Amino acid sequence: MPFEFFISKRYLRSKNQGGFLSLITLLSISGVAVGVMALLVVIAVMTGAKTELRNKILGVESHILLMRYGGEFYDYKEKIETVKNFDSVVSATPFIYSQIIIKSASNTSGAVLKGIDLNSSAGTVEKSVKKIIAQYSETAERQNGKKRISKIVLGKSLAEEIGVNAGDTVYVMLPKGRVSPIGYIPVMKRVAVAGIFDSGMSEYDSAVIYTPLEDARQILNMEKIVNGIAINVKDIYNAGKVLNEIVAEAGPSYWGKDWMSMNKNLFSALKMEKTAMFIILILIVLVAAFNIASMLIMMVMEKRKDIAILKAMGASDKIIKRIFMLKGLTIGGIGTFIGVVFGICLTFALSKYKFISLPEDIYFFATLPVELKLTDIIAITASSLFICFIATIYPARQAARLNPVDAIRYG
């Protein structure tokens, strides 16, 4: 064992008469461990929230929306074939959307009607809607009369707000009415509620209504046109680059948005919050590092004679400095290791047993989301060890500068 390690190990185990330094050592280790554990858990929760929110958003939104300046376009079939020629594109499907007012027997609410192509729907919610419409029986349609009426699928929150269930009939009021001799008359269409979907996002469930593409055209009195093309790509983080390539190929009349730009403010806020929490919680480790520095300073004062004897025996300033730095780093390393172990165990328990529940009407998730990444563990461990290293520099220098003659004479 190297000389510095041997002396540092002996100092770490040694006690003074009152055992005071040993208590400070335990407190320093505990402080570092608690700080690292808290930092790991909080960062894991922040990362989990970001991932869960991203998955929910991509469950209801496409990766890219391609639209045309001036509104609807007729040549959408040609554009879909053009888009599908890109290797990075997984699917491309047309859609129609329009703001409407939905009216039931008990209540009225505003919403967005979205018409989707059931043959090429790719989103999680759209697949659920497709399944709901497929299960909508012929008997339910016949109950609404001999004339076929359009089918819609409501979000859970919207259905509860207007008080309807699957199989009920409601009225849709269009934004474009007609002018009559008695003034402006809104156009109302009777539609059947084929079912109810739950995306897990109450704000979305309270504002969106799905319907097949042809039914959307019938409700809105539209021709064979669409409002845009929804595109999904292989690499979601490369959506912006793919969008630029598609727009360049489609021509100057077209423009688009990717999912990151549509939710830029939300994810920027989450990133800033994660950074702020990291800085705040690293202060706990910093306080523990001050304890390490204080403990080393007191040990230097207590071990003045030992340091003088070591120097008289030929120990250099560098060796004395390493002895106290190694002791401080050992304390910081033990605390960091304990904190990482307990932090990983706690995040695993939160992830597996989900014993912390959240109100779904306030948050986007029912339980506390947890995701611990290896890069976060490495960053937190490195930050903790670096802070502990910085805390050992001053006491170690003071020990190295100690004059052995004065230490023996006045010690």
# chains A, B, ... in the order shown; residues from 1 in each chain; ligands from 1

$ residues_around --residues "region 340-351 of chain A" --least-positions-apart "2" --cutoff "8 Å" --atoms "only C-alpha atoms" --output "PyMOL selection string"
chain A and resi 33+36-38+40-41+44+336-338+353-356+368-372+377+381

$ closest_residue --among "A:Val164, A:Val226, A:Leu270, A:Ala308" --to "Phe73 (chain A)" --atoms "only C-alpha atoms"
A:Val226

$ residues_around --residues "Gly200 (chain A)" --least-positions-apart "3" --cutoff "8 Å" --atoms "only C-alpha atoms" --output "list of chain:residue names"
A:Lys56, A:Asp205, A:Glu360, A:Phe364, A:Phe365

$ residues_around --residues "Ser157 (chain A)" --least-positions-apart "6" --cutoff "9 Å" --atoms "only C-alpha atoms" --output "ChimeraX atom specification"
/A:198,202-207

$ write_last_selection --atoms "C-alpha atoms" --output "PDB file, in the first residue's frame"
ATOM      1  CA  ASP A 198     -59.110   8.698 -23.028  1.00  0.00           C
ATOM      2  CA  SER A 202     -57.597  16.067 -19.767  1.00  0.00           C
ATOM      3  CA  GLU A 203     -56.994  19.318 -21.662  1.00  0.00           C
ATOM      4  CA  TYR A 204     -56.815  17.393 -24.930  1.00  0.00           C
ATOM      5  CA  ASP A 205     -59.747  15.127 -24.066  1.00  0.00           C
ATOM      6  CA  SER A 206     -61.914  18.184 -23.405  1.00  0.00           C
ATOM      7  CA  ALA A 207     -61.199  19.898 -26.727  1.00  0.00           C
TER       8      ALA A 207
END

$ select_by_dssp --residues "region 23-270 of chain A" --states "helix (DSSP H, G or I)" --output "PDB file with C-alpha atoms, in the first residue's frame"
ATOM      1  CA  LEU A  23     -18.769  12.414  14.632  1.00  0.00           C
ATOM      2  CA  ILE A  24     -18.001  15.135  12.090  1.00  0.00           C
ATOM      3  CA  THR A  25     -16.744  12.445   9.699  1.00  0.00           C
ATOM      4  CA  LEU A  26     -20.017  10.522  10.000  1.00  0.00           C
ATOM      5  CA  LEU A  27     -22.023  13.723   9.556  1.00  0.00           C
ATOM      6  CA  SER A  28     -20.004  14.623   6.467  1.00  0.00           C
ATOM      7  CA  ILE A  29     -20.566  11.195   4.928  1.00  0.00           C
ATOM      8  CA  SER A  30     -24.285  11.388   5.776  1.00  0.00           C
ATOM      9  CA  GLY A  31     -24.588  14.877   4.277  1.00  0.00           C
ATOM     10  CA  VAL A  32     -23.006  13.848   0.998  1.00  0.00           C
ATOM     11  CA  ALA A  33     -25.121  10.664   0.873  1.00  0.00           C
ATOM     12  CA  VAL A  34     -28.400  12.524   1.491  1.00  0.00           C
ATOM     13  CA  GLY A  35     -27.541  15.178  -1.089  1.00  0.00           C
ATOM     14  CA  VAL A  36     -26.625  12.662  -3.784  1.00  0.00           C
ATOM     15  CA  MET A  37     -29.694  10.513  -3.044  1.00  0.00           C
ATOM     16  CA  ALA A  38     -32.062  13.498  -3.197  1.00  0.00           C
ATOM     17  CA  LEU A  39     -30.425  14.721  -6.397  1.00  0.00           C
ATOM     18  CA  LEU A  40     -30.752  11.317  -8.065  1.00  0.00           C
ATOM     19  CA  VAL A  41     -34.418  10.926  -7.141  1.00  0.00           C
ATOM     20  CA  VAL A  42     -35.428  14.442  -8.195  1.00  0.00           C
ATOM     21  CA  ILE A  43     -33.556  14.287 -11.504  1.00  0.00           C
ATOM     22  CA  ALA A  44     -35.083  10.839 -12.173  1.00  0.00           C
ATOM     23  CA  VAL A  45     -38.568  12.250 -11.554  1.00  0.00           C
ATOM     24  CA  MET A  46     -37.906  15.257 -13.817  1.00  0.00           C
ATOM     25  CA  THR A  47     -36.576  12.994 -16.579  1.00  0.00           C
ATOM     26  CA  GLY A  48     -39.514  10.624 -16.164  1.00  0.00           C
ATOM     27  CA  ALA A  49     -41.987  13.500 -16.360  1.00  0.00           C
ATOM     28  CA  LYS A  50     -40.384  14.761 -19.565  1.00  0.00           C
ATOM     29  CA  THR A  51     -40.419  11.283 -21.158  1.00  0.00           C
ATOM     30  CA  GLU A  52     -43.999  10.558 -20.060  1.00  0.00           C
ATOM     31  CA  LEU A  53     -45.197  13.923 -21.330  1.00  0.00           C
ATOM     32  CA  ARG A  54     -43.394  13.433 -24.647  1.00  0.00           C
ATOM     33  CA  ASN A  55     -45.001   9.999 -25.109  1.00  0.00           C
ATOM     34  CA  LYS A  56     -48.462  11.377 -24.333  1.00  0.00           C
ATOM     35  CA  ILE A  57     -48.000  14.289 -26.736  1.00  0.00           C
ATOM     36  CA  LEU A  58     -46.784  12.009 -29.524  1.00  0.00           C
ATOM     37  CA  GLY A  59     -49.744   9.746 -28.782  1.00  0.00           C
ATOM     38  CA  VAL A  60     -52.145  12.498 -29.807  1.00  0.00           C
ATOM     39  CA  TYR A  76     -52.924  15.905 -51.220  1.00  0.00           C
ATOM     40  CA  LYS A  77     -52.767  12.378 -52.680  1.00  0.00           C
ATOM     41  CA  GLU A  78     -49.821  13.343 -54.863  1.00  0.00           C
ATOM     42  CA  LYS A  79     -48.092  15.033 -51.934  1.00  0.00           C
ATOM     43  CA  ILE A  80     -48.592  11.948 -49.762  1.00  0.00           C
ATOM     44  CA  GLU A  81     -46.841   9.798 -52.380  1.00  0.00           C
ATOM     45  CA  THR A  82     -44.020  12.357 -52.537  1.00  0.00           C
ATOM     46  CA  VAL A  83     -43.639  12.331 -48.765  1.00  0.00           C
ATOM     47  CA  LYS A  84     -43.642   8.521 -48.592  1.00  0.00           C
ATOM     48  CA  THR A 124     -51.880   5.874 -30.401  1.00  0.00           C
ATOM     49  CA  VAL A 125     -55.132   7.777 -29.885  1.00  0.00           C
ATOM     50  CA  GLU A 126     -56.051   7.532 -33.572  1.00  0.00           C
ATOM     51  CA  LYS A 127     -55.610   3.761 -33.450  1.00  0.00           C
ATOM     52  CA  SER A 128     -57.903   3.695 -30.422  1.00  0.00           C
ATOM     53  CA  VAL A 129     -60.445   5.822 -32.303  1.00  0.00           C
ATOM     54  CA  LYS A 130     -60.241   3.490 -35.289  1.00  0.00           C
ATOM     55  CA  LYS A 131     -60.977   0.527 -33.022  1.00  0.00           C
ATOM     56  CA  ILE A 132     -63.921   2.316 -31.399  1.00  0.00           C
ATOM     57  CA  ILE A 133     -65.488   3.175 -34.749  1.00  0.00           C
ATOM     58  CA  ALA A 134     -64.900  -0.369 -36.025  1.00  0.00           C
ATOM     59  CA  GLN A 135     -66.766  -1.731 -33.002  1.00  0.00           C
ATOM     60  CA  GLU A 138     -74.866  -1.546 -37.397  1.00  0.00           C
ATOM     61  CA  THR A 139     -77.673  -1.715 -34.854  1.00  0.00           C
ATOM     62  CA  ALA A 140     -76.542   1.520 -33.209  1.00  0.00           C
ATOM     63  CA  GLU A 141     -76.543   3.241 -36.587  1.00  0.00           C
ATOM     64  CA  ARG A 142     -80.054   2.023 -37.415  1.00  0.00           C
ATOM     65  CA  LYS A 156     -63.560  11.584 -21.903  1.00  0.00           C
ATOM     66  CA  SER A 157     -63.507  15.077 -20.364  1.00  0.00           C
ATOM     67  CA  LEU A 158     -65.664  16.565 -23.133  1.00  0.00           C
ATOM     68  CA  ALA A 159     -68.199  13.728 -22.876  1.00  0.00           C
ATOM     69  CA  GLU A 160     -68.485  14.289 -19.115  1.00  0.00           C
ATOM     70  CA  GLU A 161     -68.831  18.050 -19.612  1.00  0.00           C
ATOM     71  CA  ILE A 162     -71.773  17.828 -21.996  1.00  0.00           C
ATOM     72  CA  SER A 202     -57.597  16.067 -19.767  1.00  0.00           C
ATOM     73  CA  GLU A 203     -56.994  19.318 -21.662  1.00  0.00           C
ATOM     74  CA  TYR A 204     -56.815  17.393 -24.930  1.00  0.00           C
ATOM     75  CA  ASP A 205     -59.747  15.127 -24.066  1.00  0.00           C
ATOM     76  CA  LEU A 213     -62.412  11.657 -43.012  1.00  0.00           C
ATOM     77  CA  GLU A 214     -65.544  11.177 -45.117  1.00  0.00           C
ATOM     78  CA  ASP A 215     -67.804  11.954 -42.161  1.00  0.00           C
ATOM     79  CA  ALA A 216     -65.829  15.147 -41.525  1.00  0.00           C
ATOM     80  CA  ARG A 217     -66.449  16.224 -45.120  1.00  0.00           C
ATOM     81  CA  GLN A 218     -70.156  15.473 -44.715  1.00  0.00           C
ATOM     82  CA  ILE A 219     -70.403  17.423 -41.443  1.00  0.00           C
ATOM     83  CA  LEU A 220     -68.422  20.417 -42.720  1.00  0.00           C
ATOM     84  CA  ILE A 236     -38.510  11.743 -33.627  1.00  0.00           C
ATOM     85  CA  TYR A 237     -35.544  13.962 -32.749  1.00  0.00           C
ATOM     86  CA  ASN A 238     -34.742  14.351 -36.447  1.00  0.00           C
ATOM     87  CA  ALA A 239     -38.239  15.594 -37.307  1.00  0.00           C
ATOM     88  CA  GLY A 240     -37.135  19.205 -37.888  1.00  0.00           C
ATOM     89  CA  LYS A 241     -34.539  18.213 -40.473  1.00  0.00           C
ATOM     90  CA  VAL A 242     -36.976  15.881 -42.250  1.00  0.00           C
ATOM     91  CA  LEU A 243     -39.591  18.664 -42.303  1.00  0.00           C
ATOM     92  CA  ASN A 244     -37.182  21.033 -44.061  1.00  0.00           C
ATOM     93  CA  GLU A 245     -36.427  18.380 -46.682  1.00  0.00           C
ATOM     94  CA  ILE A 246     -40.137  17.689 -47.266  1.00  0.00           C
ATOM     95  CA  VAL A 247     -41.020  21.395 -47.585  1.00  0.00           C
ATOM     96  CA  ALA A 248     -38.138  21.907 -50.030  1.00  0.00           C
ATOM     97  CA  GLU A 249     -39.434  19.005 -52.130  1.00  0.00           C
ATOM     98  CA  ALA A 250     -43.122  20.018 -51.900  1.00  0.00           C
ATOM     99  CA  TRP A 259     -43.664  18.277 -32.734  1.00  0.00           C
ATOM    100  CA  MET A 260     -40.707  19.918 -31.013  1.00  0.00           C
ATOM    101  CA  SER A 261     -41.509  23.396 -32.328  1.00  0.00           C
ATOM    102  CA  MET A 262     -45.208  22.960 -31.491  1.00  0.00           C
ATOM    103  CA  LYS A 264     -41.137  24.198 -27.584  1.00  0.00           C
ATOM    104  CA  ASN A 265     -42.263  26.314 -24.618  1.00  0.00           C
ATOM    105  CA  LEU A 266     -43.370  23.294 -22.588  1.00  0.00           C
ATOM    106  CA  PHE A 267     -40.166  21.307 -23.047  1.00  0.00           C
ATOM    107  CA  SER A 268     -38.002  24.396 -22.562  1.00  0.00           C
ATOM    108  CA  ALA A 269     -39.730  24.995 -19.224  1.00  0.00           C
ATOM    109  CA  LEU A 270     -39.141  21.375 -18.190  1.00  0.00           C
TER     110      LEU A 270
END

$ decode --residues "region 70-100 of chain A" --atoms "N, CA and C atoms" --output "short mmCIF file (atom, residue, chain, number, x, y, z; two decimals), in the first residue's frame"
data_model
loop_
_atom_site.label_atom_id
_atom_site.label_comp_id
_atom_site.auth_asym_id
_atom_site.auth_seq_id
_atom_site.Cartn_x
_atom_site.Cartn_y
_atom_site.Cartn_z
N GLY A 70 -52.70 29.38 -47.58
CA GLY A 70 -54.02 29.66 -48.14
C GLY A 70 -55.08 28.67 -47.72
N GLY A 71 -54.68 27.62 -46.97
CA GLY A 71 -55.68 26.69 -46.46
C GLY A 71 -55.64 25.33 -47.13
N GLU A 72 -56.84 24.86 -47.56
CA GLU A 72 -56.97 23.50 -48.07
C GLU A 72 -56.23 23.31 -49.39
N PHE A 73 -55.90 22.05 -49.67
CA PHE A 73 -55.32 21.75 -50.98
C PHE A 73 -55.90 20.44 -51.51
N TYR A 74 -55.99 20.40 -52.86
CA TYR A 74 -56.64 19.29 -53.54
C TYR A 74 -55.67 18.17 -53.89
N ASP A 75 -54.43 18.52 -54.14
CA ASP A 75 -53.47 17.51 -54.62
C ASP A 75 -52.79 16.78 -53.46
N TYR A 76 -53.54 16.52 -52.40
CA TYR A 76 -52.92 15.90 -51.22
C TYR A 76 -52.47 14.47 -51.48
N LYS A 77 -53.17 13.76 -52.39
CA LYS A 77 -52.77 12.38 -52.68
C LYS A 77 -51.38 12.33 -53.32
N GLU A 78 -51.14 13.28 -54.22
CA GLU A 78 -49.82 13.34 -54.86
C GLU A 78 -48.74 13.70 -53.83
N LYS A 79 -49.06 14.62 -52.95
CA LYS A 79 -48.09 15.03 -51.93
C LYS A 79 -47.80 13.89 -50.96
N ILE A 80 -48.81 13.10 -50.65
CA ILE A 80 -48.59 11.95 -49.76
C ILE A 80 -47.61 10.96 -50.39
N GLU A 81 -47.77 10.70 -51.69
CA GLU A 81 -46.84 9.80 -52.38
C GLU A 81 -45.43 10.37 -52.40
N THR A 82 -45.34 11.70 -52.56
CA THR A 82 -44.02 12.36 -52.54
C THR A 82 -43.37 12.21 -51.18
N VAL A 83 -44.16 12.42 -50.13
CA VAL A 83 -43.64 12.33 -48.76
C VAL A 83 -43.20 10.91 -48.45
N LYS A 84 -43.96 9.92 -48.89
CA LYS A 84 -43.64 8.52 -48.59
C LYS A 84 -42.36 8.04 -49.25
N ASN A 85 -41.88 8.79 -50.26
CA ASN A 85 -40.63 8.42 -50.92
C ASN A 85 -39.41 8.69 -50.05
N PHE A 86 -39.57 9.47 -48.98
CA PHE A 86 -38.45 9.73 -48.08
C PHE A 86 -38.22 8.50 -47.19
N ASP A 87 -36.97 8.07 -47.10
CA ASP A 87 -36.65 6.88 -46.31
C ASP A 87 -36.93 7.07 -44.83
N SER A 88 -36.84 8.30 -44.34
CA SER A 88 -37.03 8.58 -42.92
C SER A 88 -38.49 8.65 -42.51
N VAL A 89 -39.42 8.61 -43.48
CA VAL A 89 -40.85 8.73 -43.20
C VAL A 89 -41.46 7.35 -42.98
N VAL A 90 -42.22 7.22 -41.90
CA VAL A 90 -42.90 5.96 -41.58
C VAL A 90 -44.31 5.94 -42.15
N SER A 91 -45.03 7.04 -42.00
CA SER A 91 -46.42 7.11 -42.50
C SER A 91 -46.78 8.56 -42.81
N ALA A 92 -47.76 8.70 -43.69
CA ALA A 92 -48.29 10.01 -44.05
C ALA A 92 -49.78 9.86 -44.29
N THR A 93 -50.57 10.64 -43.59
CA THR A 93 -52.03 10.51 -43.67
C THR A 93 -52.69 11.88 -43.71
N PRO A 94 -53.74 12.06 -44.52
CA PRO A 94 -54.41 13.36 -44.60
C PRO A 94 -55.32 13.58 -43.38
N PHE A 95 -55.61 14.84 -43.10
CA PHE A 95 -56.52 15.15 -42.00
C PHE A 95 -57.28 16.44 -42.30
N ILE A 96 -58.41 16.56 -41.63
CA ILE A 96 -59.25 17.76 -41.71
C ILE A 96 -59.52 18.22 -40.29
N TYR A 97 -59.48 19.51 -40.07
CA TYR A 97 -59.82 20.02 -38.74
C TYR A 97 -60.60 21.32 -38.87
N SER A 98 -61.47 21.55 -37.92
CA SER A 98 -62.28 22.76 -37.90
C SER A 98 -62.85 22.98 -36.50
N GLN A 99 -62.97 24.23 -36.11
CA GLN A 99 -63.59 24.55 -34.84
C GLN A 99 -65.11 24.45 -34.97
N ILE A 100 -65.73 23.82 -33.98
CA ILE A 100 -67.17 23.64 -33.99
C ILE A 100 -67.73 23.88 -32.59
#
